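Peer 1: Below are the structure tokens for one structure; questions will follow.
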Amino acid sequence: NTVVYRQDTIGNLIRGNDGISVFSWGNSNYERNLINGGIINQKNDFGYITNVRLAPGSEISNNIIPESSSIYDCEINVSGSIYGNTLMPFAEIGKCIIDHGGEISGNTFLGSGRIIKNTIAKNAKIGDCTIGEGTEIADNIVENSGELIGITAGEVCTVSRNKIGHGATLGGGTTMGDGSRLEENEIGPNASIANITANTFGAIVATYIGSGGSIYGVSLQDLCSISGTNLGVGAEISDVALQSDGVTGGKILYCEFTAGARLSNKTFGESLTFGNTTFGLFSDEIETITENVQNKRGINGFSDIPCTIDITGLTTIDCTAAYAQYRGIYNLTSDNATESIDTITNAPTAFPFTIRPAAGLVLTITGT
């Protein structure tokens, strides 16, 4: 005979003989348990689920984790999961190892909590969580092709110091409340921060993006910024929208684009500010920029962001639609000592612009 389930007077219910035989009955601290295919539904006033090893396919699910309590130091094996739990303020999920195909998902933080120092293996994930105001997701290691995705964050939340391995993803349908920040994350080769919407005053800060990595599909609302970000060879920021309230725009500050890095398919609202940003080679489908752009800005009525156009043998200066979005200074070069221009096309319309021939170049502009 075997015991199918056991329930005690404080709300513990264990299904499966293996789980029952190792459960610490009468103890509100769940420590050193071996759970083989069992489910724990616990509603203690205060307690921990710690040092638990979930065998393949096992779960910790649908629990209420009290204020200041934790699920930590757990090992989640193949296809195991911690899901559907409700964590009260100051609770945390931490130091868990999530093996191939395992997941921490569908959990809800009702206040400020933490998802910290977890290791997410190949094809495993932390995702589809709702986190309350001030919650922190930090110091997690997401290994090759792992995912930290689908987060719905309240105000002033942070996603910080996470290490995203080769081909892994941070973001994936994440929405962050006002004042939330992604900061000091390390994005490995061919990994990505993707599909994130940040509300007012949101920021992507101090992020390193490795060779071939990317930030893409990001929508930053009013008064948001990307700053202190370093892009490696072949990395890119693409399909990015920086919105504006019509007075104060988004900001790209203190970033470094190394050779071959890209900023492409971008949508910038009015009054965008570029500042202290270095472009080794900065390009998209229709422009290449090799000079540095530092302490420059493009706003409605003014731009001092430069570009260079070679007009050797030309009679027309084509500013191009991409240049005209935000560039107000056109530095002209030529292999010839003299040039004559009679037409300027695709000129900026949001601000006056300046044409500057290179030293020694005699430029004649004719027309009516």
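The chains in the structure tokens are called A, B, ... from first to last as shown; in each chain the residues are counted from 1, and the ligands are counted from 1 in the order shown.
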Could you pull out the residues in segment 97-198 of chain A that DSSP calls strand (DSSP E or B) from the backbone, as a ChimeraX atom specification?
Peer 2: /A:97-98,103-105,108-109,114-116,119-120,125-131,136-138,141-142,147-153,158-160,163-164,169-176,181-183,186-187,192-198
Peer 1: Separation of atom CA of Ile196 of chain A and atom CA of Gly171 of chain A, in Å?
Peer 2: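 Rounded to one decimal, the two atoms are 5.7 Å apart.
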Peer 1: Let me make sure I understand: among A:Ile341, A:Ile131, A:Asn63, A:Thr349, which one has the smallest atom-to-atom distance to Ser303 of chain A if we use only C-alpha atoms?
Peer 2: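 Comparing A:Ile341, A:Ile131, A:Asn63, A:Thr349 against Ser303 of chain A, the winner is A:Thr349.
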Peer 1: Have a look at atom CA of Lys117 of chain A and atom CA of Ile204 of chain A and let me know their distance in Å, one decimal.
Peer 2: 20.4 Å
Peer 1: Counting only C-alpha atoms, which residues in segment 195-226 of chain A sit no more than 10 Å from segment 163-170 of chain A? For each one, give the nearest pair of atoms and the distance in Å, sorted by chain then residue number, as CSV.
Peer 2:
residue,atom,partner,partner_atom,distance
A:Asn195,CA,A:Leu170,CA,8.8
A:Ile196,CA,A:Leu170,CA,9.0
A:Tyr208,CA,A:Lys163,CA,9.8
A:Ile209,CA,A:Ile164,CA,9.6
A:Gly210,CA,A:His166,CA,9.1
A:Ser211,CA,A:His166,CA,9.9
A:Gly212,CA,A:Gly167,CA,9.6
A:Gly213,CA,A:Gly167,CA,8.2
A:Ser214,CA,A:Thr169,CA,9.8
A:Ile215,CA,A:Leu170,CA,9.5
Peer 1: Could you list, as a PDB file with C-alpha atoms, in the first residue's frame, every residue within 10 Å of Thr312 of chain A, counting only C-alpha atoms and ignoring same-chain residues fewer than 6 positions away?
Peer 2:
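In the end it all went to out-v4.pdb:
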ATOM      1  CA  LEU A 332      31.276  69.093 -48.113  1.00  0.00           C
ATOM      2  CA  THR A 333      34.413  67.460 -49.525  1.00  0.00           C
ATOM      3  CA  SER A 334      35.687  67.043 -53.091  1.00  0.00           C
ATOM      4  CA  ASP A 335      38.676  65.694 -55.009  1.00  0.00           C
ATOM      5  CA  ASN A 336      38.528  68.894 -57.049  1.00  0.00           C
ATOM      6  CA  ALA A 337      39.651  72.391 -56.040  1.00  0.00           C
ATOM      7  CA  THR A 338      36.376  73.945 -57.187  1.00  0.00           C
ATOM      8  CA  GLU A 339      32.773  72.810 -57.407  1.00  0.00           C
ATOM      9  CA  SER A 340      29.513  74.424 -58.509  1.00  0.00           C
TER      10      SER A 340
END
Peer 1: Could you check the closest approach to Ser264 of chain A for each of A:Tyr216, A:Phe90, A:Phe302, A:Tyr83 and tell me which residue wins, using only C-alpha atoms?
Peer 2: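 So, comparing all the options, the nearest one is A:Tyr216.
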